[in-house]
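Have a look at entry.csv below; it lists CSV, C-alpha atoms.
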chain,number,residue,atom,x,y,z
A,1,MET,CA,0.0,0.0,0.0
A,2,ALA,CA,1.3,3.4,-0.8
A,3,ALA,CA,0.9,5.1,2.5
A,4,GLY,CA,4.0,7.2,2.9
A,5,SER,CA,2.7,10.7,2.4
A,6,ALA,CA,-0.6,11.1,4.2
A,7,ASP,CA,-1.8,14.6,4.7
A,8,GLN,CA,-1.6,14.0,8.4
A,9,PRO,CA,-0.4,10.6,9.3
A,10,ALA,CA,-1.0,8.9,12.6
A,11,PRO,CA,0.4,10.6,15.8
A,12,ASP,CA,3.7,8.7,15.7
A,13,GLY,CA,4.3,10.0,12.3
A,14,ALA,CA,3.4,6.8,10.4
A,15,ALA,CA,0.2,5.2,9.4
A,16,GLN,CA,-0.6,2.4,11.9
A,17,ASP,CA,-1.3,-0.9,10.2
A,18,GLU,CA,-4.0,-3.1,11.6
A,19,ARG,CA,-5.4,-6.4,10.6
A,20,TYR,CA,-9.1,-7.2,10.2
A,21,GLY,CA,-10.1,-10.5,8.7
A,22,ILE,CA,-8.5,-10.6,5.3
A,23,LEU,CA,-7.7,-6.9,5.3
A,24,THR,CA,-4.8,-4.7,6.4
A,25,LEU,CA,-5.9,-1.2,7.4
A,26,ALA,CA,-3.9,2.0,7.5
A,27,ARG,CA,-5.7,4.9,9.4
A,28,MET,CA,-4.8,8.5,8.9
A,29,ARG,CA,-6.3,12.0,9.0
A,30,LYS,CA,-6.7,14.4,6.1
A,31,ASP,CA,-5.6,18.0,6.4
A,32,ASP,CA,-9.0,19.1,7.4
A,33,GLY,CA,-9.3,16.4,10.1
A,34,ARG,CA,-11.5,14.0,8.3
A,35,SER,CA,-10.7,10.3,8.7
A,36,LEU,CA,-9.2,8.3,5.9
A,37,ILE,CA,-8.7,4.5,6.1
A,38,LEU,CA,-6.9,2.6,3.3
A,39,TYR,CA,-7.7,-1.1,3.1
A,40,SER,CA,-5.5,-3.6,1.4
A,41,HIS,CA,-5.9,-7.3,0.7
A,42,ASP,CA,-4.4,-10.1,-1.3
A,43,GLU,CA,-5.4,-9.4,-4.9
A,44,ASP,CA,-3.9,-12.7,-6.2
A,45,GLY,CA,-6.0,-15.7,-6.9
A,46,GLY,CA,-4.3,-17.9,-4.3
A,47,ASP,CA,-5.8,-16.9,-0.9
A,48,SER,CA,-2.8,-16.3,1.2
A,49,GLY,CA,-5.1,-14.3,3.4
A,50,GLU,CA,-6.9,-17.4,4.4
A,51,ALA,CA,-5.2,-17.7,7.7
A,52,ARG,CA,-6.1,-14.1,8.5
A,53,GLU,CA,-9.8,-14.6,7.9
A,54,SER,CA,-10.7,-14.1,11.5
A,55,ALA,CA,-11.3,-11.1,13.7
A,56,PRO,CA,-11.4,-10.6,17.4
A,57,PRO,CA,-14.8,-11.1,19.2
A,58,ARG,CA,-16.7,-7.9,19.4
A,59,GLU,CA,-18.6,-6.4,22.3
A,60,ASP,CA,-21.7,-4.5,21.7
A,61,LYS,CA,-22.6,-1.2,23.4
A,62,ASP,CA,-23.8,-3.1,26.5
A,63,GLY,CA,-20.5,-4.9,26.9
A,64,ARG,CA,-22.0,-8.2,25.6
A,65,GLU,CA,-20.0,-10.3,23.3
A,66,ALA,CA,-21.7,-10.2,19.9
A,67,GLY,CA,-21.1,-11.3,16.4
A,68,ARG,CA,-18.1,-13.5,17.2
A,69,ALA,CA,-15.8,-13.5,14.3
A,70,PRO,CA,-15.8,-16.4,11.9
A,71,GLU,CA,-13.3,-19.1,12.7
A,72,GLN,CA,-11.4,-20.1,9.7
A,73,ALA,CA,-11.9,-19.6,6.0
A,74,PRO,CA,-12.4,-22.3,3.6
A,75,GLY,CA,-10.4,-22.2,0.4
A,76,GLY,CA,-9.5,-19.1,-1.5
A,77,ASP,CA,-11.4,-17.3,-4.2
A,78,GLY,CA,-9.8,-19.7,-6.7
A,79,ASN,CA,-11.0,-17.7,-9.6
A,80,GLY,CA,-8.1,-15.3,-10.1
A,81,GLY,CA,-8.3,-12.3,-12.2
A,82,GLY,CA,-7.4,-8.8,-11.5
A,83,GLU,CA,-9.3,-5.5,-11.9
A,84,ARG,CA,-11.4,-5.9,-15.0
A,85,ALA,CA,-12.2,-2.3,-15.3
B,1,MET,CA,-23.9,20.6,10.4
B,2,SER,CA,-27.2,19.1,9.2
B,3,GLU,CA,-30.5,19.7,11.0
B,4,GLN,CA,-33.3,17.3,11.7
B,5,ARG,CA,-37.0,18.1,11.8
B,6,PHE,CA,-39.8,15.7,12.6
B,7,ASN,CA,-42.5,15.6,10.0
B,8,GLU,CA,-45.6,14.9,12.0
B,9,LEU,CA,-47.9,13.9,9.2
B,10,ARG,CA,-45.5,11.3,7.9
B,11,GLY,CA,-44.2,10.4,11.3
B,12,GLU,CA,-40.6,10.6,10.1
B,13,GLN,CA,-37.4,12.6,10.4
B,14,VAL,CA,-36.4,14.9,7.6
B,15,VAL,CA,-32.7,15.8,7.4
B,16,TYR,CA,-31.5,19.2,6.1
B,17,ALA,CA,-27.9,19.1,4.9
B,18,ILE,CA,-27.7,22.4,3.0
B,19,ASP,CA,-24.0,22.2,2.5
B,20,ARG,CA,-24.6,19.3,0.1
B,21,GLN,CA,-25.8,21.8,-2.5
B,22,GLU,CA,-22.2,22.7,-3.0
B,23,ARG,CA,-21.0,19.1,-3.5
B,24,THR,CA,-19.0,18.1,-6.6
B,25,PHE,CA,-21.3,17.4,-9.4
B,26,LEU,CA,-20.3,15.2,-12.3
B,27,PRO,CA,-16.7,16.5,-12.6
B,28,SER,CA,-14.6,15.8,-15.7
B,29,ARG,CA,-12.6,12.7,-15.7
B,30,GLU,CA,-9.4,14.7,-15.0
B,31,HIS,CA,-10.9,16.2,-11.8
B,32,CYS,CA,-12.5,13.1,-10.2
B,33,PRO,CA,-12.0,13.5,-6.4
B,34,LEU,CA,-12.1,9.7,-6.0
B,35,ASP,CA,-9.1,9.0,-8.2
B,36,PRO,CA,-5.7,8.6,-6.6
B,37,THR,CA,-3.5,11.7,-6.4
B,38,ARG,CA,-1.0,11.2,-9.2
B,39,PRO,CA,2.3,12.9,-9.5
B,40,GLY,CA,1.7,16.3,-11.1
B,41,GLY,CA,-2.0,15.8,-11.0
B,42,PRO,CA,-4.6,17.6,-9.0
B,43,PRO,CA,-5.0,16.6,-5.4
B,44,THR,CA,-7.9,14.3,-4.7
B,45,GLU,CA,-9.6,12.8,-1.6
B,46,ILE,CA,-7.0,10.1,-1.5
B,47,PRO,CA,-3.5,11.6,-1.3
B,48,PHE,CA,-1.6,8.5,-2.7
B,49,PRO,CA,-0.8,7.5,-6.2
B,50,ALA,CA,-2.4,4.1,-5.8
B,51,PHE,CA,-4.7,2.3,-3.4
B,52,GLN,CA,-7.1,-0.7,-3.2
B,53,ILE,CA,-10.1,0.3,-1.1
B,54,ALA,CA,-10.4,3.7,0.7
B,55,VAL,CA,-13.0,4.9,3.2
B,56,PHE,CA,-13.2,8.5,4.3
B,57,ASP,CA,-15.5,10.9,6.0
B,58,ASN,CA,-17.8,12.5,3.4
B,59,ARG,CA,-16.8,16.1,2.7
B,60,PHE,CA,-20.5,17.0,2.4
B,61,PRO,CA,-22.0,14.9,5.1
B,62,ALA,CA,-25.7,14.3,5.7
B,63,PHE,CA,-24.7,13.3,9.2
B,64,GLU,CA,-21.6,13.9,11.2
B,65,GLN,CA,-20.3,13.3,14.7
B,66,PRO,CA,-21.9,13.6,17.3
B,67,GLY,CA,-25.0,13.3,15.2
B,68,GLY,CA,-24.2,10.3,13.1
B,69,ALA,CA,-21.8,9.5,10.3
B,70,ALA,CA,-21.4,9.8,6.5
B,71,GLU,CA,-18.6,7.9,4.8
B,72,VAL,CA,-17.5,7.3,1.2
B,73,VAL,CA,-16.3,3.9,0.2
B,74,VAL,CA,-14.1,3.9,-2.9
B,75,TYR,CA,-13.9,0.4,-4.4
B,76,THR,CA,-10.8,0.8,-6.5
B,77,ASP,CA,-8.4,3.4,-7.8
B,78,GLU,CA,-9.5,2.7,-11.3
B,79,HIS,CA,-11.8,5.5,-12.5
B,80,ASP,CA,-13.8,3.3,-14.9
B,81,GLY,CA,-15.7,0.2,-14.1
B,82,SER,CA,-18.3,-0.7,-11.5
B,83,PHE,CA,-19.0,-3.1,-8.7
B,84,ALA,CA,-19.7,-5.7,-11.4
B,85,THR,CA,-16.2,-5.3,-12.9
B,86,LEU,CA,-14.2,-5.6,-9.7
B,87,SER,CA,-12.1,-8.7,-9.4
B,88,PRO,CA,-13.7,-11.4,-7.2
B,89,GLN,CA,-11.0,-10.8,-4.6
B,90,ARG,CA,-11.8,-7.1,-4.5
B,91,ALA,CA,-15.5,-7.7,-4.2
B,92,HIS,CA,-14.8,-10.2,-1.4
B,93,ALA,CA,-12.6,-7.7,0.4
B,94,LEU,CA,-15.3,-5.1,0.1
B,95,MET,CA,-17.6,-7.4,2.2
B,96,TRP,CA,-15.0,-7.3,5.0
B,97,VAL,CA,-14.7,-3.5,4.6
B,98,TRP,CA,-18.5,-3.3,5.0
B,99,ARG,CA,-18.3,-5.5,8.0
B,100,HIS,CA,-15.6,-3.4,9.6
B,101,ARG,CA,-17.4,-0.2,9.1
B,102,TYR,CA,-20.7,-1.7,10.5
B,103,GLU,CA,-18.8,-2.8,13.6
B,104,GLU,CA,-16.9,0.5,14.2
B,105,LEU,CA,-19.8,2.8,13.4
B,106,GLY,CA,-22.2,0.7,15.3
B,107,GLU,CA,-20.2,1.0,18.4
B,108,ARG,CA,-20.6,4.7,18.5
B,109,PRO,CA,-23.2,6.1,20.8
B,110,ASP,CA,-24.4,8.6,18.3
B,111,VAL,CA,-25.2,5.9,15.7
B,112,GLU,CA,-28.3,3.8,15.9
B,113,TYR,CA,-28.4,2.3,12.4
B,114,VAL,CA,-25.7,1.7,9.9
B,115,MET,CA,-26.8,1.7,6.3
B,116,ILE,CA,-24.3,0.7,3.5
B,117,PHE,CA,-25.5,1.6,0.1
B,118,GLU,CA,-24.5,2.4,-3.5
B,119,ASN,CA,-26.3,4.7,-6.0
B,120,ARG,CA,-25.3,3.7,-9.5
B,121,GLY,CA,-26.1,5.8,-12.6
B,122,VAL,CA,-27.3,9.4,-13.2
B,123,GLU,CA,-30.8,8.0,-13.2
B,124,VAL,CA,-30.6,7.7,-9.4
B,125,GLY,CA,-28.8,10.9,-8.9
B,126,VAL,CA,-25.1,9.8,-8.9
B,127,THR,CA,-22.8,12.8,-8.9
B,128,LEU,CA,-19.5,10.9,-9.3
B,129,HIS,CA,-19.0,8.0,-11.7
B,130,HIS,CA,-15.9,6.5,-10.0
B,131,PRO,CA,-17.0,3.1,-8.5
B,132,HIS,CA,-17.9,3.9,-5.0
B,133,GLY,CA,-20.6,3.5,-2.3
B,134,GLN,CA,-21.6,5.3,0.8
B,135,ILE,CA,-22.3,4.6,4.5
B,136,TYR,CA,-24.7,6.5,6.6
B,137,GLY,CA,-24.7,6.1,10.4
B,138,TYR,CA,-28.1,7.4,11.4
B,139,PRO,CA,-28.6,8.8,14.8
B,140,PHE,CA,-32.0,7.2,14.8
B,141,VAL,CA,-33.6,4.0,13.4
B,142,PRO,CA,-35.0,5.1,10.0
B,143,PRO,CA,-38.5,4.2,8.8
B,144,VAL,CA,-37.6,1.3,6.5
B,145,ALA,CA,-35.6,-0.4,9.2
B,146,ALA,CA,-38.4,0.2,11.7
B,147,LEU,CA,-40.9,-1.3,9.2
B,148,GLU,CA,-38.8,-4.4,8.9
B,149,LEU,CA,-38.7,-4.8,12.7
B,150,ALA,CA,-42.5,-4.3,12.7
B,151,ALA,CA,-42.8,-7.0,10.1
B,152,ASP,CA,-40.9,-9.4,12.4
B,153,GLU,CA,-43.4,-8.7,15.1
B,154,ARG,CA,-46.4,-9.0,12.7
B,155,LEU,CA,-45.2,-12.4,11.4
B,156,GLY,CA,-44.1,-13.6,14.9
B,157,GLY,CA,-40.5,-14.1,14.0
B,158,CYS,CA,-37.9,-13.1,11.4
B,159,ALA,CA,-39.8,-11.8,8.4
B,160,SER,CA,-36.9,-12.3,6.1
B,161,CYS,CA,-36.5,-15.9,7.1
B,162,ALA,CA,-40.2,-16.4,6.5
B,163,LEU,CA,-40.2,-14.7,3.1
B,164,LEU,CA,-37.1,-16.6,2.0
B,165,ALA,CA,-38.8,-19.9,2.8
B,166,ARG,CA,-41.8,-18.8,0.8
B,167,GLU,CA,-39.7,-17.8,-2.2
B,168,LEU,CA,-37.8,-21.1,-2.1
B,169,ASP,CA,-41.0,-23.0,-1.8
B,170,ASP,CA,-42.5,-21.2,-4.8
B,171,GLY,CA,-39.3,-21.0,-6.8
B,172,GLU,CA,-40.7,-19.0,-9.6
B,173,ARG,CA,-38.9,-15.8,-8.7
B,174,VAL,CA,-35.6,-17.2,-7.5
B,175,LEU,CA,-32.7,-15.9,-9.5
B,176,ILE,CA,-29.6,-17.5,-7.9
B,177,GLU,CA,-29.5,-20.2,-5.2
B,178,ARG,CA,-26.2,-20.9,-3.5
B,179,GLU,CA,-25.3,-22.8,-0.3
B,180,SER,CA,-25.5,-19.7,1.9
B,181,VAL,CA,-27.0,-17.0,-0.2
B,182,VAL,CA,-30.2,-16.7,-2.3
B,183,ALA,CA,-31.3,-14.0,-4.7
B,184,TYR,CA,-34.8,-13.5,-5.8
B,185,VAL,CA,-37.3,-11.0,-7.1
B,186,PRO,CA,-39.7,-10.6,-4.2
B,187,HIS,CA,-43.4,-11.6,-4.4
B,188,ALA,CA,-44.5,-8.0,-4.0
B,189,ALA,CA,-41.6,-6.2,-5.7
B,190,ARG,CA,-42.2,-2.4,-6.0
B,191,TRP,CA,-39.7,-1.9,-8.8
B,192,ALA,CA,-39.9,-3.8,-12.1
B,193,TYR,CA,-36.5,-5.4,-11.6
B,194,GLU,CA,-36.2,-5.2,-7.8
B,195,ALA,CA,-34.1,-8.1,-6.3
B,196,HIS,CA,-33.2,-9.2,-2.8
B,197,VAL,CA,-30.0,-11.0,-2.0
B,198,VAL,CA,-30.7,-12.8,1.3
B,199,MET,CA,-28.5,-14.9,3.7
B,200,ARG,CA,-30.0,-18.4,3.9
B,201,GLU,CA,-29.2,-18.7,7.6
B,202,HIS,CA,-30.4,-16.1,10.0
B,203,ARG,CA,-27.6,-13.6,10.2
B,204,ALA,CA,-28.5,-10.3,11.9
B,205,SER,CA,-25.6,-8.5,10.3
B,206,LEU,CA,-22.3,-9.0,8.6
B,207,LEU,CA,-20.7,-9.6,12.0
B,208,GLU,CA,-22.5,-12.9,12.3
B,209,CYS,CA,-21.4,-14.2,8.9
B,210,GLU,CA,-18.8,-17.0,8.4
B,211,PRO,CA,-15.9,-16.1,6.1
B,212,GLY,CA,-17.3,-18.4,3.4
B,213,GLU,CA,-20.7,-16.7,3.6
B,214,LEU,CA,-19.0,-13.3,3.0
B,215,ARG,CA,-17.2,-14.7,0.0
B,216,GLU,CA,-20.4,-16.2,-1.4
B,217,LEU,CA,-22.3,-13.0,-0.7
B,218,SER,CA,-19.8,-11.1,-2.9
B,219,GLN,CA,-20.1,-13.7,-5.6
B,220,VAL,CA,-23.9,-13.5,-5.7
B,221,LEU,CA,-24.0,-9.7,-5.7
B,222,GLN,CA,-21.6,-9.6,-8.6
B,223,ALA,CA,-23.5,-12.2,-10.5
B,224,LEU,CA,-26.7,-10.2,-10.1
B,225,VAL,CA,-25.3,-6.9,-11.1
B,226,ARG,CA,-23.6,-8.5,-14.1
B,227,GLY,CA,-27.0,-9.9,-15.0
B,228,TYR,CA,-28.5,-6.5,-14.6
B,229,ASP,CA,-26.0,-5.0,-17.1
B,230,ALA,CA,-26.7,-7.9,-19.5
B,231,LEU,CA,-30.5,-7.5,-19.3
B,232,PHE,CA,-30.7,-4.4,-21.6
B,233,GLY,CA,-27.1,-4.5,-22.8
B,234,ARG,CA,-26.3,-1.2,-21.0
B,235,PRO,CA,-25.0,-0.1,-17.6
B,236,PHE,CA,-28.0,-0.8,-15.3
B,237,PRO,CA,-28.7,2.0,-12.8
B,238,TYR,CA,-29.8,0.9,-9.3
B,239,VAL,CA,-29.8,1.8,-5.7
B,240,MET,CA,-28.3,-1.1,-3.6
B,241,VAL,CA,-28.9,-1.1,0.1
B,242,VAL,CA,-27.5,-3.5,2.7
B,243,HIS,CA,-30.1,-4.1,5.4
B,244,GLN,CA,-28.9,-5.2,8.8
B,245,ALA,CA,-29.9,-5.0,12.4
B,246,PRO,CA,-30.0,-1.6,14.1
B,247,THR,CA,-26.9,-1.2,16.2
B,248,SER,CA,-28.7,0.4,19.1
B,249,GLN,CA,-30.2,-1.9,21.7
B,250,PRO,CA,-32.1,0.0,24.3
B,251,ALA,CA,-32.0,-1.8,27.6
B,252,ASP,CA,-35.7,-1.3,28.1
B,253,ALA,CA,-36.7,-2.6,24.7
B,254,PRO,CA,-36.8,-6.1,23.2
B,255,ARG,CA,-33.5,-6.9,21.4
B,256,ARG,CA,-33.9,-5.5,17.9
B,257,SER,CA,-33.0,-8.1,15.5
B,258,GLY,CA,-32.7,-8.0,11.7
B,259,HIS,CA,-31.7,-10.3,8.9
B,260,LEU,CA,-28.8,-9.4,6.6
B,261,HIS,CA,-29.9,-8.9,3.1
B,262,VAL,CA,-29.2,-6.6,0.2
B,263,GLU,CA,-32.0,-4.9,-1.7
B,264,PHE,CA,-31.7,-3.5,-5.2
B,265,TYR,CA,-34.1,-0.8,-6.5
B,266,PRO,CA,-33.5,-0.3,-10.2
B,267,PRO,CA,-35.5,2.5,-11.7
B,268,LEU,CA,-35.6,1.1,-15.3
B,269,ARG,CA,-38.8,-0.6,-16.3
B,270,THR,CA,-37.6,-1.1,-19.9
B,271,ALA,CA,-34.3,-0.4,-21.6
B,272,GLU,CA,-35.2,3.2,-22.2
B,273,LYS,CA,-38.1,3.9,-19.7
B,274,LEU,CA,-37.7,4.9,-16.1
B,275,LYS,CA,-40.2,4.3,-13.3
B,276,PHE,CA,-41.0,7.6,-11.7
B,277,LEU,CA,-42.4,8.0,-8.2
B,278,ALA,CA,-45.5,10.0,-9.0
B,279,GLY,CA,-49.0,10.5,-7.7
B,280,SER,CA,-49.8,7.2,-6.2
B,281,GLU,CA,-46.3,6.4,-4.9
B,282,GLN,CA,-45.7,9.8,-3.4
B,283,GLY,CA,-49.3,10.8,-2.4
B,284,ALA,CA,-50.6,7.5,-1.3
B,285,GLY,CA,-47.5,5.5,-0.7
B,286,THR,CA,-48.8,2.8,-3.0
B,287,PHE,CA,-46.6,1.5,-5.8
B,288,ILE,CA,-48.3,0.9,-9.2
B,289,SER,CA,-46.2,-1.5,-11.3
B,290,ASP,CA,-46.7,-2.5,-14.9
B,291,THR,CA,-44.5,-5.6,-14.7
B,292,LEU,CA,-45.2,-8.8,-12.9
B,293,PRO,CA,-42.3,-10.0,-10.7
B,294,GLU,CA,-42.5,-13.5,-12.2
B,295,GLU,CA,-41.9,-12.1,-15.7
B,296,SER,CA,-39.0,-9.9,-14.4
B,297,ALA,CA,-37.5,-12.9,-12.7
B,298,ALA,CA,-37.6,-15.0,-15.8
B,299,ALA,CA,-35.9,-12.2,-17.8
B,300,LEU,CA,-33.3,-11.7,-15.1
B,301,ARG,CA,-32.5,-15.4,-14.8
B,302,GLU,CA,-31.8,-15.5,-18.5
B,303,ALA,CA,-29.6,-12.3,-18.3
B,304,ILE,CA,-27.6,-13.7,-15.3
B,305,ALA,CA,-27.0,-16.9,-17.2
B,306,HIS,CA,-25.9,-15.0,-20.3
B,307,ALA,CA,-23.5,-12.8,-18.2
B,308,ALA,CA,-21.9,-15.8,-16.3
Let's see the structure in the file written out as structure tokens.
Amino acid sequence: MAAGSADQPAPDGAAQDERYGILTLARMRKDDGRSLILYSHDEDGGDSGEARESAPPREDKDGREAGRAPEQAPGGDGNGGGERA
Amino acid sequence: MSEQRFNELRGEQVVYAIDRQERTFLPSREHCPLDPTRPGGPPTEIPFPAFQIAVFDNRFPAFEQPGGAAEVVVYTDEHDGSFATLSPQRAHALMWVWRHRYEELGERPDVEYVMIFENRGVEVGVTLHHPHGQIYGYPFVPPVAALELAADERLGGCASCALLARELDDGERVLIERESVVAYVPHAARWAYEAHVVMREHRASLLECEPGELRELSQVLQALVRGYDALFGRPFPYVMVVHQAPTSQPADAPRRSGHLHVEFYPPLRTAEKLKFLAGSEQGAGTFISDTLPEESAAALREAIAHAA
């Protein structure tokens, strides 16, 4: 991901990468303070992101655990192809 | 900052977001604000020369903290194309982005309902052609979501589960049937080519979906929109809305459920003719349709098969 020149990167001076399921996130702020999140993922046909297809359990506003993240992904997309646009 | 006023006769909130009058309207290709910022080019909303999926706060928000949220979801850094032309991997990743935004926005105390949607085509008021969708975090449960909850109560259980069972039993309007996702033209469709994409198992939201279900959801959504494009051999305008459970759960109220499904409201009734919301629809709230859902479903099935 090209994330080296954000208008206003994260406080420590670099975008903080996070993982969420098959995604990697980079959070930052634009010059006017608005939030910007860049999401990246494996665009190849082989699903190397399979092992990452899980996310931590979530608590709802009442502190209850809700929507426990899926356990493990089955196989990859297997249908290849890049951006068709 | 937008303002809400309650319309007593309709029993609904009306939102006034007057700054949106100034929002970018059908800019030239060279000045698309959703393109990446290329060396030597004009600055855009995404200050990088390349990206995959970007989400940012809307510059012209209908809602903003602490009174809700309005976000833009850019599907790709390619200016041309659509949800239908994304790679399968990108469409799958988009489901996880939707899930992430539903979770984060839903945790905010000023957001009661998260609505993920896409307007496609100038026929439905699109102002930017770059492939993208939007997310509104409503500071209240809007009328359509409330009606779905009321339908659950009226039917004594999940209405979407009951309707899906009826559609599968009938079969005549089913478009796509997969292990975990089903697409159909509903029995009482309001739009000529309305379609619903429904999780087979009861899933209140994207948060409850298994990874394989998210992947299959992306596949069915893409198959449907490709079928739409094939139906009349032209880019098919639509409004696509992800319906999920409200994120607010008042302690003194029954837990408000929901059933994850995606509804499409296409305005075309023929290749060249639009359905307008006119006297009966606006004045009485009653849709008058000139197309039977069974006929639409047959045509859509053929188009989906042709596009596959």
**Request:** Could the residues of chain B within 9 Å of chain A, counting only C-alpha atoms, be given as a ChimeraX atom specification, please?
**Result:** /B:45-59,76,78-82,85-90,92-93,96-97,100,103,106-109,204-212,215,247-249,251
Please produce a file of the residues just selected, as a PDB file, in the coordinates of the input, where the atoms kept are C-alpha atoms.
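Ended up saving to selection_5.pdb:
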ATOM      1  CA  GLU B  45      -9.600  12.800  -1.600  1.00  0.00           C
ATOM      2  CA  ILE B  46      -7.000  10.100  -1.500  1.00  0.00           C
ATOM      3  CA  PRO B  47      -3.500  11.600  -1.300  1.00  0.00           C
ATOM      4  CA  PHE B  48      -1.600   8.500  -2.700  1.00  0.00           C
ATOM      5  CA  PRO B  49      -0.800   7.500  -6.200  1.00  0.00           C
ATOM      6  CA  ALA B  50      -2.400   4.100  -5.800  1.00  0.00           C
ATOM      7  CA  PHE B  51      -4.700   2.300  -3.400  1.00  0.00           C
ATOM      8  CA  GLN B  52      -7.100  -0.700  -3.200  1.00  0.00           C
ATOM      9  CA  ILE B  53     -10.100   0.300  -1.100  1.00  0.00           C
ATOM     10  CA  ALA B  54     -10.400   3.700   0.700  1.00  0.00           C
ATOM     11  CA  VAL B  55     -13.000   4.900   3.200  1.00  0.00           C
ATOM     12  CA  PHE B  56     -13.200   8.500   4.300  1.00  0.00           C
ATOM     13  CA  ASP B  57     -15.500  10.900   6.000  1.00  0.00           C
ATOM     14  CA  ASN B  58     -17.800  12.500   3.400  1.00  0.00           C
ATOM     15  CA  ARG B  59     -16.800  16.100   2.700  1.00  0.00           C
ATOM     16  CA  THR B  76     -10.800   0.800  -6.500  1.00  0.00           C
ATOM     17  CA  GLU B  78      -9.500   2.700 -11.300  1.00  0.00           C
ATOM     18  CA  HIS B  79     -11.800   5.500 -12.500  1.00  0.00           C
ATOM     19  CA  ASP B  80     -13.800   3.300 -14.900  1.00  0.00           C
ATOM     20  CA  GLY B  81     -15.700   0.200 -14.100  1.00  0.00           C
ATOM     21  CA  SER B  82     -18.300  -0.700 -11.500  1.00  0.00           C
ATOM     22  CA  THR B  85     -16.200  -5.300 -12.900  1.00  0.00           C
ATOM     23  CA  LEU B  86     -14.200  -5.600  -9.700  1.00  0.00           C
ATOM     24  CA  SER B  87     -12.100  -8.700  -9.400  1.00  0.00           C
ATOM     25  CA  PRO B  88     -13.700 -11.400  -7.200  1.00  0.00           C
ATOM     26  CA  GLN B  89     -11.000 -10.800  -4.600  1.00  0.00           C
ATOM     27  CA  ARG B  90     -11.800  -7.100  -4.500  1.00  0.00           C
ATOM     28  CA  HIS B  92     -14.800 -10.200  -1.400  1.00  0.00           C
ATOM     29  CA  ALA B  93     -12.600  -7.700   0.400  1.00  0.00           C
ATOM     30  CA  TRP B  96     -15.000  -7.300   5.000  1.00  0.00           C
ATOM     31  CA  VAL B  97     -14.700  -3.500   4.600  1.00  0.00           C
ATOM     32  CA  HIS B 100     -15.600  -3.400   9.600  1.00  0.00           C
ATOM     33  CA  GLU B 103     -18.800  -2.800  13.600  1.00  0.00           C
ATOM     34  CA  GLY B 106     -22.200   0.700  15.300  1.00  0.00           C
ATOM     35  CA  GLU B 107     -20.200   1.000  18.400  1.00  0.00           C
ATOM     36  CA  ARG B 108     -20.600   4.700  18.500  1.00  0.00           C
ATOM     37  CA  PRO B 109     -23.200   6.100  20.800  1.00  0.00           C
ATOM     38  CA  ALA B 204     -28.500 -10.300  11.900  1.00  0.00           C
ATOM     39  CA  SER B 205     -25.600  -8.500  10.300  1.00  0.00           C
ATOM     40  CA  LEU B 206     -22.300  -9.000   8.600  1.00  0.00           C
ATOM     41  CA  LEU B 207     -20.700  -9.600  12.000  1.00  0.00           C
ATOM     42  CA  GLU B 208     -22.500 -12.900  12.300  1.00  0.00           C
ATOM     43  CA  CYS B 209     -21.400 -14.200   8.900  1.00  0.00           C
ATOM     44  CA  GLU B 210     -18.800 -17.000   8.400  1.00  0.00           C
ATOM     45  CA  PRO B 211     -15.900 -16.100   6.100  1.00  0.00           C
ATOM     46  CA  GLY B 212     -17.300 -18.400   3.400  1.00  0.00           C
ATOM     47  CA  ARG B 215     -17.200 -14.700   0.000  1.00  0.00           C
ATOM     48  CA  THR B 247     -26.900  -1.200  16.200  1.00  0.00           C
ATOM     49  CA  SER B 248     -28.700   0.400  19.100  1.00  0.00           C
ATOM     50  CA  GLN B 249     -30.200  -1.900  21.700  1.00  0.00           C
ATOM     51  CA  ALA B 251     -32.000  -1.800  27.600  1.00  0.00           C
TER      52      ALA B 251
END
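Put simply, atom CA of Ser28 of chain B is 19.1 Å away from atom CA of Val72 of chain B.
Counting from atom CA of Glu201 of chain B, the distance to atom CA of Leu149 of chain B is 17.6 Å.
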**Asked** Nearest to Val15 of chain B: which of B:Ala162, B:Arg29, B:Gly40, B:Phe140 is it, counting all atoms listed in the file?
**Response** B:Phe140
**Request:** Please indicate the distance in Å from atom CA of Leu34 of chain B to atom CA of Gln222 of chain B, rounded to one decimal place.
**Result:** 21.7 Å
**Item:** Protein and nucleic acid residues near (-25.3, -15.2, -19.7) (cut-off 12 Å, all atoms listed in the file) as a PyMOL selection string
**Value:** chain B and resi 223-231+233+299-308
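Distance annotation: of B:Ala159, B:Ala183, B:Ala17, B:Val122, the residue with the minimal separation from Gln4 of chain B is B:Ala17; atom set is all atoms listed in the file.
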**Message:** Distance cut-off 7 Å, centre (-34.6, -14.1, 1.8) in file coordinates, counting only C-alpha atoms: which residues qualify? Return them as a PyMOL selection string.
**Reply:** chain B and resi 160-161+163-164+182+196-200
